[in-house]
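Quick look at protein39.txt (compact mmCIF, C-alpha atoms):
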```txt
# COMPACT_ATOMS: atom_id res chain seq x y z
CA MET A 1 11.24 -28.89 1.74
CA GLU A 2 7.81 -27.24 2.06
CA ARG A 3 6.87 -24.87 -0.73
CA LEU A 4 4.84 -21.71 -1.29
CA THR A 5 3.00 -21.16 -4.55
CA ALA A 6 3.32 -17.90 -6.48
CA THR A 7 0.92 -17.35 -9.36
CA TYR A 8 1.75 -15.19 -12.36
CA LEU A 9 -0.18 -13.91 -15.35
CA VAL A 10 2.07 -14.30 -18.39
CA GLU A 11 1.43 -12.74 -21.79
CA THR A 12 3.01 -14.77 -24.57
CA ALA A 13 2.31 -16.98 -27.56
CA ALA A 14 1.18 -20.56 -26.93
CA ALA A 15 4.40 -21.90 -28.46
CA ARG A 16 6.46 -20.09 -25.78
CA ILE A 17 4.47 -20.54 -22.59
CA ASP A 18 6.35 -23.62 -21.34
CA GLU A 19 9.67 -21.85 -21.94
CA ARG A 20 8.47 -18.69 -20.14
CA ALA A 21 7.15 -20.68 -17.18
CA ALA A 22 10.46 -22.53 -16.82
CA ALA A 23 12.35 -19.22 -17.00
CA ILE A 24 10.25 -17.75 -14.20
CA ALA A 25 10.81 -20.82 -12.04
CA LEU A 26 14.58 -20.52 -12.41
CA GLU A 27 14.71 -16.73 -12.11
CA GLN A 28 12.65 -16.72 -8.90
CA SER A 29 14.64 -19.50 -7.25
CA VAL A 30 18.29 -19.98 -8.24
CA GLU A 31 18.69 -17.22 -10.87
CA CYS A 32 20.92 -19.24 -13.16
CA PRO A 33 20.60 -21.88 -15.89
CA LEU A 34 19.71 -25.34 -14.63
CA ASP A 35 22.98 -26.61 -16.13
CA ALA A 36 24.81 -24.39 -13.62
CA VAL A 37 23.16 -26.12 -10.66
CA HIS A 38 25.46 -29.04 -9.77
CA ASP A 39 24.41 -29.67 -6.17
CA ALA A 40 21.84 -32.46 -6.04
CA ARG A 41 20.02 -31.04 -3.00
CA VAL A 42 19.69 -27.61 -4.61
CA ARG A 43 18.36 -29.18 -7.81
CA GLU A 44 15.84 -31.26 -5.89
CA GLU A 45 14.73 -28.87 -3.16
CA VAL A 46 15.55 -25.27 -4.10
CA VAL A 47 15.00 -24.97 -7.84
CA GLY A 48 11.52 -23.61 -8.53
CA ARG A 49 8.96 -26.03 -9.92
CA VAL A 50 6.44 -25.21 -12.62
CA GLY A 51 2.93 -26.08 -11.48
CA PRO A 52 -0.34 -25.94 -13.45
CA ILE A 53 -0.52 -23.66 -16.48
CA GLU A 54 -4.01 -22.43 -17.30
CA ARG A 55 -4.97 -20.56 -20.44
CA VAL A 56 -6.85 -17.31 -19.76
CA ASP A 57 -7.30 -16.09 -23.34
CA GLU A 58 -5.45 -16.11 -26.65
CA ARG A 59 -2.19 -14.67 -25.27
CA ARG A 60 -2.50 -14.80 -21.47
CA TRP A 61 -1.70 -17.69 -19.18
CA ARG A 62 -2.01 -18.27 -15.46
CA VAL A 63 1.18 -19.97 -14.29
CA GLU A 64 1.81 -21.42 -10.83
CA ILE A 65 5.40 -21.66 -9.59
CA GLU A 66 6.30 -23.59 -6.42
CA LEU A 67 9.17 -22.08 -4.45
CA ALA A 68 11.03 -23.50 -1.44
CA MET A 69 9.65 -21.86 1.69
CA GLU A 70 13.07 -21.61 3.36
CA THR A 71 14.34 -19.32 0.59
CA THR A 72 12.13 -16.53 1.97
CA GLY A 73 14.08 -16.32 5.23
CA TYR A 74 10.67 -15.81 6.89
CA GLU A 75 11.02 -12.03 6.55
CA PRO A 76 9.33 -9.36 4.41
CA ALA A 77 12.10 -8.26 2.03
CA GLN A 78 13.13 -11.75 1.08
CA LEU A 79 9.55 -12.97 0.72
CA VAL A 80 8.81 -10.18 -1.77
CA ASN A 81 12.15 -10.84 -3.49
CA MET A 82 11.36 -14.53 -3.96
CA ILE A 83 7.85 -14.02 -5.36
CA SER A 84 8.39 -10.83 -7.37
CA GLY A 85 12.09 -9.99 -7.59
CA ASN A 86 13.66 -10.40 -11.02
CA SER A 87 10.38 -11.47 -12.62
CA SER A 88 9.05 -7.95 -11.99
CA LEU A 89 11.55 -6.75 -14.60
CA TRP A 90 9.75 -8.66 -17.36
CA ASP A 91 6.93 -6.63 -18.89
CA ASP A 92 5.04 -9.78 -19.87
CA VAL A 93 4.81 -11.14 -16.30
CA ARG A 94 2.57 -10.00 -13.46
CA LEU A 95 2.34 -11.51 -9.97
CA VAL A 96 -1.35 -12.15 -9.24
CA ASP A 97 -1.49 -14.31 -6.11
CA VAL A 98 0.54 -16.15 -3.50
CA ASP A 99 -0.37 -19.10 -1.32
CA LEU A 100 1.73 -19.32 1.85
CA PRO A 101 2.05 -22.56 3.86
CA PRO A 102 0.80 -22.22 7.48
CA ALA A 103 4.34 -22.24 8.91
CA LEU A 104 5.36 -19.30 6.71
CA LEU A 105 2.12 -17.37 7.23
CA ALA A 106 2.59 -17.71 10.99
CA ALA A 107 5.87 -15.75 10.72
CA PHE A 108 3.87 -12.61 9.95
CA ARG A 109 1.51 -11.07 12.49
CA GLY A 110 -0.48 -8.95 10.06
CA PRO A 111 -2.77 -6.16 11.36
CA ARG A 112 -2.51 -5.53 15.09
CA HIS A 113 -5.98 -3.97 15.18
CA GLY A 114 -7.77 -4.53 11.88
CA VAL A 115 -11.52 -4.23 11.41
CA ALA A 116 -12.40 -5.02 15.03
CA GLY A 117 -9.82 -2.59 16.41
CA LEU A 118 -10.98 0.23 14.16
CA ARG A 119 -14.58 -0.38 15.16
CA ALA A 120 -13.65 -0.33 18.84
CA LEU A 121 -11.66 2.87 18.38
CA ALA A 122 -14.56 4.62 16.67
CA ALA A 123 -17.19 3.10 19.00
CA ALA A 124 -18.98 1.88 15.86
CA PRO A 125 -19.86 -1.80 16.27
CA ALA A 126 -21.99 -2.16 13.13
CA ARG A 127 -22.00 0.78 10.71
CA ALA A 128 -19.40 1.59 8.06
CA LEU A 129 -16.69 4.05 9.00
CA THR A 130 -16.00 7.45 7.45
CA ALA A 131 -12.77 9.18 6.50
CA VAL A 132 -11.73 12.41 4.82
CA ALA A 133 -8.49 13.70 3.32
CA VAL A 134 -7.51 17.25 4.27
CA LYS A 135 -6.24 19.08 1.20
CA PRO A 136 -5.04 20.77 -0.99
CA GLN A 137 -1.32 20.72 -0.43
CA GLY A 138 0.16 24.16 0.09
CA LEU A 139 -2.22 25.34 2.82
CA PRO A 140 -0.66 26.72 6.01
CA VAL A 141 -0.94 24.81 9.27
CA ARG A 142 -3.68 27.03 10.71
CA GLU A 143 -5.95 26.34 7.72
CA LEU A 144 -5.30 22.60 7.79
CA ALA A 145 -6.12 22.56 11.50
CA ARG A 146 -9.31 24.52 10.88
CA LEU A 147 -10.43 21.98 8.27
CA CYS A 148 -9.61 19.13 10.65
CA GLY A 149 -11.80 20.74 13.29
CA VAL A 150 -14.71 21.18 10.87
CA PHE A 151 -14.59 17.54 9.80
CA ALA A 152 -14.30 16.26 13.38
CA GLU A 153 -17.22 18.45 14.46
CA ALA A 154 -19.25 16.83 11.68
CA GLY A 155 -18.49 13.42 13.18
CA ILE A 156 -16.17 11.95 10.55
CA ASP A 157 -14.24 9.05 12.11
CA VAL A 158 -10.78 9.53 10.56
CA VAL A 159 -9.48 12.92 9.41
CA LYS A 160 -6.23 12.25 7.57
CA ASP A 161 -3.51 14.28 5.93
CA ASP A 162 -3.54 14.20 2.18
CA HIS A 163 -0.66 11.90 1.23
CA GLY A 164 1.16 14.79 -0.46
CA ILE A 165 1.40 16.70 2.82
CA SER A 166 4.65 15.75 4.51
CA ASP A 167 7.15 18.11 6.15
CA GLN A 168 7.19 21.10 3.80
CA SER A 169 8.17 24.63 4.76
CA TYR A 170 4.55 25.78 4.66
CA SER A 171 3.43 22.83 6.78
CA PRO A 172 6.18 21.60 9.13
CA TYR A 173 5.36 18.17 10.46
CA PRO A 174 5.66 18.78 14.25
CA GLU A 175 3.69 22.02 14.11
CA ARG A 176 1.01 20.52 11.88
CA VAL A 177 0.54 17.39 13.97
CA ARG A 178 0.27 19.42 17.17
CA ALA A 179 -2.31 21.81 15.69
CA CYS A 180 -4.40 19.27 13.78
CA GLN A 181 -4.48 16.76 16.62
CA ALA A 182 -5.57 19.51 19.04
CA ALA A 183 -8.33 20.64 16.66
CA VAL A 184 -9.69 17.11 16.27
CA ALA A 185 -9.43 16.36 19.99
CA ASP A 186 -11.22 19.61 20.90
CA ALA A 187 -14.01 18.87 18.44
CA SER A 188 -14.38 15.32 19.74
CA ARG A 189 -14.73 16.55 23.29
CA ALA A 190 -17.35 19.07 22.21
CA THR A 191 -19.44 16.57 20.26
CA GLY A 192 -18.89 13.56 22.50
CA ARG A 193 -18.12 11.54 19.39
CA ALA A 194 -14.67 10.07 18.74
CA SER A 195 -12.78 11.34 15.71
CA PHE A 196 -9.11 10.64 14.97
CA TYR A 197 -6.46 12.63 13.16
CA ALA A 198 -4.10 10.57 10.97
CA PRO A 199 -0.89 12.37 10.01
CA ASN A 200 1.18 11.24 7.05
CA VAL A 201 4.38 9.69 8.44
CA ALA A 202 5.85 8.38 5.16
CA ALA A 203 9.57 9.19 5.01
CA ALA A 204 12.97 7.52 5.18
CA PRO A 205 12.99 4.87 7.95
CA ARG A 206 14.65 6.96 10.68
CA ALA A 207 12.55 10.02 9.91
CA MET A 208 9.42 7.88 9.78
CA ARG A 209 10.06 6.45 13.23
CA GLU A 210 10.62 9.96 14.56
CA ARG A 211 7.34 11.12 13.04
CA VAL A 212 5.46 8.29 14.72
CA ARG A 213 7.15 9.13 18.03
CA ILE A 214 6.06 12.77 17.73
CA ALA A 215 2.53 11.73 16.82
CA ARG A 216 2.27 9.39 19.81
CA GLU A 217 3.45 12.12 22.17
CA GLU A 218 0.63 14.36 20.88
CA GLY A 219 -1.95 11.64 21.51
CA VAL A 220 -2.39 10.49 17.90
CA ARG A 221 -3.68 6.92 17.50
CA VAL A 222 -3.86 6.54 13.70
CA VAL A 223 -1.12 7.23 11.13
CA LEU A 224 -1.02 7.22 7.34
CA VAL A 225 1.79 5.34 5.52
CA ALA A 226 2.38 4.57 1.85
CA PRO A 227 4.00 1.09 2.05
CA MET A 228 5.27 1.13 -1.53
CA LEU A 229 6.90 4.55 -1.11
CA VAL A 230 8.71 3.66 2.10
CA GLY A 231 9.24 -0.02 1.20
CA LEU A 232 7.23 -3.01 2.37
CA PRO A 233 9.96 -4.21 4.78
CA ALA A 234 10.29 -0.73 6.31
CA PHE A 235 6.53 -0.61 6.75
CA ALA A 236 6.47 -4.02 8.43
CA ASP A 237 9.32 -2.95 10.71
CA LEU A 238 7.43 0.22 11.69
CA VAL A 239 4.37 -1.80 12.67
CA ASP A 240 6.53 -4.12 14.76
CA GLU A 241 8.17 -1.17 16.55
CA PHE A 242 4.94 0.71 17.26
CA PRO A 243 2.22 -1.96 17.45
CA ASP A 244 -0.11 0.26 19.48
CA MET A 245 -0.65 2.59 16.51
CA VAL A 246 -3.32 2.01 13.88
CA TYR A 247 -1.92 1.97 10.32
CA LEU A 248 -3.82 3.31 7.34
CA ALA A 249 -2.01 2.16 4.18
CA HIS A 250 -2.02 4.53 1.19
CA PRO A 251 -1.63 3.23 -2.42
CA SER A 252 0.81 5.88 -3.66
CA PHE A 253 3.48 4.39 -5.99
CA ALA A 254 1.71 1.02 -5.96
CA GLY A 255 1.08 1.34 -9.69
CA ALA A 256 4.82 0.99 -10.29
CA ALA A 257 4.70 -2.70 -9.30
CA ARG A 258 3.71 -5.54 -11.63
CA ILE A 259 1.55 -7.03 -8.90
CA ALA A 260 -2.21 -7.56 -9.13
CA ASN A 261 -4.13 -5.05 -7.04
CA PRO A 262 -6.13 -7.59 -4.97
CA LEU A 263 -2.87 -9.30 -3.98
CA LEU A 264 -1.00 -6.08 -3.19
CA PHE A 265 -3.70 -4.06 -1.40
CA GLY A 266 -5.74 -6.94 -0.02
CA LYS A 267 -3.09 -9.49 0.97
CA LEU A 268 0.48 -8.13 1.06
CA PHE A 269 -0.37 -4.84 2.80
CA ARG A 270 -2.42 -6.91 5.25
CA LEU A 271 0.35 -9.47 5.74
CA PHE A 272 2.79 -6.73 6.72
CA GLY A 273 0.46 -5.00 9.17
CA ALA A 274 -2.01 -2.58 7.54
CA ASP A 275 -5.12 -2.17 9.70
CA ALA A 276 -6.90 -0.42 6.83
CA SER A 277 -5.97 -0.31 3.14
CA ILE A 278 -6.86 2.53 0.77
CA PHE A 279 -7.45 1.68 -2.89
CA VAL A 280 -9.02 3.53 -5.81
CA ASN A 281 -12.72 2.92 -6.26
CA TYR A 282 -14.54 1.96 -9.45
CA GLY A 283 -16.17 4.90 -11.21
CA GLY A 284 -13.64 7.36 -9.78
CA ARG A 285 -10.80 9.21 -11.44
CA PHE A 286 -8.58 6.09 -11.59
CA ALA A 287 -11.32 3.75 -12.84
CA TYR A 288 -10.42 0.35 -11.41
CA PRO A 289 -12.89 -2.27 -12.68
CA GLN A 290 -15.77 -2.97 -10.32
CA ASP A 291 -14.95 -6.66 -9.95
CA GLU A 292 -11.31 -5.81 -9.12
CA CYS A 293 -12.51 -3.55 -6.31
CA ALA A 294 -14.67 -6.40 -5.04
CA ALA A 295 -11.63 -8.66 -5.09
CA ILE A 296 -9.51 -6.17 -3.13
CA ALA A 297 -12.20 -5.79 -0.46
CA SER A 298 -12.68 -9.53 -0.16
CA ALA A 299 -8.96 -10.31 0.04
CA SER A 300 -8.67 -7.70 2.81
CA ARG A 301 -11.37 -9.36 4.92
CA ALA A 302 -11.23 -13.05 3.99
CA SER A 303 -10.15 -15.65 6.53
CA TRP A 304 -6.37 -16.07 6.27
CA GLY A 305 -4.73 -18.10 8.99
CA ALA A 306 -4.61 -16.18 12.26
CA LEU A 307 -4.33 -12.77 10.57
CA ALA A 308 -6.94 -10.18 11.52
CA PRO A 309 -8.95 -8.78 8.61
CA THR A 310 -7.95 -5.42 7.17
CA MET A 311 -10.55 -2.68 6.67
CA PRO A 312 -10.93 -1.86 2.94
CA VAL A 313 -11.00 1.89 2.20
CA PRO A 314 -12.27 2.76 -1.29
CA ALA A 315 -11.20 6.26 -2.35
CA GLY A 316 -10.19 8.39 -5.31
CA GLY A 317 -12.89 10.59 -6.83
CA MET A 318 -15.54 9.46 -4.34
CA ARG A 319 -18.81 11.41 -4.37
CA LEU A 320 -21.27 12.05 -1.59
CA GLU A 321 -24.28 11.00 -3.64
CA ARG A 322 -22.81 7.49 -4.11
CA VAL A 323 -22.63 6.56 -0.41
CA GLU A 324 -25.65 4.25 -0.43
CA GLU A 325 -24.56 2.54 -3.66
CA LEU A 326 -21.03 1.98 -2.39
CA LEU A 327 -22.06 0.58 0.98
CA ASP A 328 -24.52 -1.70 -0.74
CA PHE A 329 -21.59 -2.92 -2.84
CA TYR A 330 -18.86 -3.18 -0.19
CA GLY A 331 -20.88 -3.87 2.97
CA ALA A 332 -20.53 -2.38 6.41
CA ASP A 333 -16.97 -3.56 7.13
CA THR A 334 -15.72 -0.68 5.02
CA MET A 335 -14.36 2.83 5.53
CA LEU A 336 -15.47 5.30 2.88
CA LEU A 337 -12.89 8.02 2.14
CA ILE A 338 -14.09 11.24 0.52
CA GLY A 339 -11.86 14.27 0.06
CA GLY A 340 -12.27 16.76 -2.76
CA ASN A 341 -16.00 16.15 -3.16
CA LEU A 342 -16.55 17.52 0.34
CA LEU A 343 -14.04 20.34 -0.04
CA ILE A 344 -15.83 21.82 -3.05
CA ALA A 345 -17.97 23.60 -0.42
CA GLU A 346 -16.77 26.41 1.85
CA GLY A 347 -17.73 27.89 5.20
CA ASP A 348 -21.00 26.63 6.67
CA ALA A 349 -21.68 24.68 3.49
CA LEU A 350 -18.55 22.62 4.05
CA ARG A 351 -19.67 21.76 7.58
CA GLU A 352 -23.13 20.81 6.28
CA ARG A 353 -21.68 18.69 3.49
CA ALA A 354 -19.40 16.85 5.90
CA ARG A 355 -22.31 16.20 8.23
CA ALA A 356 -24.39 14.96 5.28
CA PHE A 357 -21.64 12.40 4.60
CA VAL A 358 -21.79 11.11 8.17
CA GLU A 359 -25.60 10.99 8.16
CA ALA A 360 -25.70 9.15 4.82
CA VAL A 361 -23.44 6.42 6.21
CA GLU A 362 -25.48 6.19 9.42
CA ARG A 363 -28.72 5.85 7.44
CA CYS A 364 -27.30 2.88 5.57
CA GLY A 365 -26.66 1.13 8.89
CA ASP A 366 -25.32 -2.42 8.99
CA GLN A 367 -25.64 -3.54 5.38
CA SER A 368 -24.64 -6.81 3.78
CA SER A 369 -22.59 -6.58 0.59
CA ARG A 370 -24.15 -8.22 -2.44
CA VAL A 371 -21.04 -8.07 -4.57
CA ALA A 372 -17.77 -8.11 -2.58
CA THR A 373 -17.99 -11.74 -1.58
CA ASN A 374 -15.22 -14.29 -1.33
CA ALA A 375 -16.68 -16.08 -4.34
CA ALA A 376 -16.59 -12.94 -6.49
CA SER A 377 -13.02 -12.23 -5.45
CA SER A 378 -11.89 -15.78 -6.06
CA GLU A 379 -13.30 -15.62 -9.57
CA ARG A 380 -11.55 -12.30 -10.13
CA LEU A 381 -8.22 -13.65 -8.96
CA ARG A 382 -8.57 -16.59 -11.35
CA SER A 383 -8.86 -14.22 -14.31
CA PRO A 384 -7.10 -10.95 -13.42
CA SER A 385 -6.73 -8.10 -15.88
CA PHE A 386 -3.40 -7.49 -17.54
CA PRO A 387 -2.28 -3.94 -18.38
```

Let's see the structure in the file written out as structure tokens.
Amino acid sequence: MERLTATYLVETAAARIDERAAAIALEQSVECPLDAVHDARVREEVVGRVGPIERVDERRWRVEIELAMETTGYEPAQLVNMISGNSSLWDDVRLVDVDLPPALLAAFRGPRHGVAGLRALAAAPARALTAVAVKPQGLPVRELARLCGVFAEAGIDVVKDDHGISDQSYSPYPERVRACQAAVADASRATGRASFYAPNVAAAPRAMRERVRIAREEGVRVVLVAPMLVGLPAFADLVDEFPDMVYLAHPSFAGAARIANPLLFGKLFRLFGADASIFVNYGGRFAYPQDECAAIASASRASWGALAPTMPVPAGGMRLERVEELLDFYGADTMLLIGGNLLIAEGDALRERARAFVEAVERCGDQSSRVATNAASSERLRSPSFP
């Protein structure tokens, strides 16, 4: 029986690492003591196998567990269950990587558009893309639509809802989508430059599908989803049902999972269909390490079977004056997302600040990243941080 390999970072004393590794192998495969497994085929083919154990530092170990591929059922919920189900309940264990055999990887289509599709949509074959979050929450629809129009007039590629804006009484979803999409479309026609409104569709599965249907009827092409809020399987199902839409994955609630960020944002979101993946940038208000950000970006874009690359979207406390630095770091196959740092201005100053963002990205042109390389990411994944 062919096997996938899940890799965990385990924090424990040296005297206990073999015991902990064996416990993970059982918990993530048969979920019972080995003495309770009487069937010879199950013992031989289904029980998880402990692979190499590599010491990272005094109390941390990188442990590989081989799991029978067939136990995943070739579908999202069961795949996540098999690699990070019960083991996620242990506070000394963190899932840091997964290696899927070609037959299992082929069961997932990944991004339907990815980097190439986003570039085609924005008519931007070489430069980095731009995005902005419309906020703060609590504004009425007319003000949100006005902001959308200002940002689209400035030439920003993707004008998205803040992830906290949903279907509140002060901003009903159908009314907001209609008004914001019209504002962005009008501005695009006036400037001759394509900009796209991305409403937040995160909700319970039935409501989420209805929100996408409403958005499509209004001419929306890009939607915002938080895969960890709605559930990875529900997200994958949404992509399958509406493959013509472009999906921008938001990281909300992702910190609740004991899964390494490069694996979650760069690989799992991509595996289940994210065309672009937002993550918090180094030096921002969430302070991910710089090398971890490099690893996320690289995992998003690295060759992985037949899956299209996902566009990395660094965000979270981004500042206008850092555009050149960030594009030098991430390279051109990146979408920079700035929100509050643009919105600190008002009136004509807001329009000028938004335009300055677009012009700064255009000046940088088609840059090559010096840092976010596959080699840097591979090194990061070999020695991930542990909270």

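Taking atom CA of A:Pro199 as the reference point, atom CA of A:Arg221 is found at 9.7 Å.
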
query: Leaving out A:Ala103 and any residue of its chain fewer than 3 positions from it, which residues lie within 12 Å of it when counting all atoms listed in the file, given as JSON, numbers by chain?
result: {"A": [1, 2, 3, 4, 69, 70, 72, 73, 74, 99, 100, 106, 107, 108, 305, 306]}

Would you write out those residues with C-alpha atoms, as a PDB file, in the frame of the given file?
```pdb
ATOM      1  CA  MET A   1      11.240 -28.890   1.740  1.00  0.00           C
ATOM      2  CA  GLU A   2       7.810 -27.240   2.060  1.00  0.00           C
ATOM      3  CA  ARG A   3       6.870 -24.870  -0.730  1.00  0.00           C
ATOM      4  CA  LEU A   4       4.840 -21.710  -1.290  1.00  0.00           C
ATOM      5  CA  MET A  69       9.650 -21.860   1.690  1.00  0.00           C
ATOM      6  CA  GLU A  70      13.070 -21.610   3.360  1.00  0.00           C
ATOM      7  CA  THR A  72      12.130 -16.530   1.970  1.00  0.00           C
ATOM      8  CA  GLY A  73      14.080 -16.320   5.230  1.00  0.00           C
ATOM      9  CA  TYR A  74      10.670 -15.810   6.890  1.00  0.00           C
ATOM     10  CA  ASP A  99      -0.370 -19.100  -1.320  1.00  0.00           C
ATOM     11  CA  LEU A 100       1.730 -19.320   1.850  1.00  0.00           C
ATOM     12  CA  ALA A 106       2.590 -17.710  10.990  1.00  0.00           C
ATOM     13  CA  ALA A 107       5.870 -15.750  10.720  1.00  0.00           C
ATOM     14  CA  PHE A 108       3.870 -12.610   9.950  1.00  0.00           C
ATOM     15  CA  GLY A 305      -4.730 -18.100   8.990  1.00  0.00           C
ATOM     16  CA  ALA A 306      -4.610 -16.180  12.260  1.00  0.00           C
TER      17      ALA A 306
END
```

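Using all atoms listed in the file, the nearest neighbour of A:Ala179 within the list A:His163, A:Arg142, A:Arg213, A:Arg351 is A:Arg142.
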
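The nearest approach to A:Val361 among the residues A:Ala131, A:Phe151, A:Ile214, A:Pro243, with all atoms listed in the file taken into account, belongs to A:Ala131.
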
Two-atom distance - atom CA of A:Pro125, atom CA of A:Ala145 (Å): 28.4 Å

task: Neighbourhood query: residues within 12 Å of (9.8, -31.1, -7.8), file coordinates, counting all atoms listed in the file; return as number ranges by chain.
output: A: 1-3, 25, 41-51, 65-68

field: Shell of 12 Å around A:Arg301, only C-alpha atoms, local chain residues under 2 positions omitted, as a PyMOL selection string
entry: chain A and resi 111+114-116+262+265-267+270-271+274-277+294-299+303-305+307-313+330-334+372-374+377

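Proximity of A:Gly231, A:Pro52, A:Gly283, A:Pro136 to A:Asp18, computed with all atoms listed in the file, is greatest for A:Pro52.
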
query: Between A:Ala249, A:Phe269, A:Pro76, A:Gly316, which has the minimum distance to A:Tyr282 (counting only C-alpha atoms)?
result: A:Gly316

task: Write out as a list of chain:residue names which residues come within 7 Å of A:Ala354 when counting all atoms listed in the file, dropping same-chain ones fewer than 2 positions away.
output: A:Phe151, A:Ala154, A:Leu342, A:Leu350, A:Arg351, A:Glu352, A:Ala356, A:Phe357, A:Val358

- request: Have a look at A:Ser195, A:Asn86, A:Thr71, A:Thr12 and name the one nearest to A:Gln28; count all atoms listed in the file.
  value: A:Asn86

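Considering all atoms listed in the file, the residue among A:Ala260, A:Ala13, A:Met335, A:Ala183 positioned nearest to A:Glu143 is A:Ala183.
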
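Note that the spacing between atom CA of A:Val56 and atom CA of A:Glu11 amounts to 9.7 Å.
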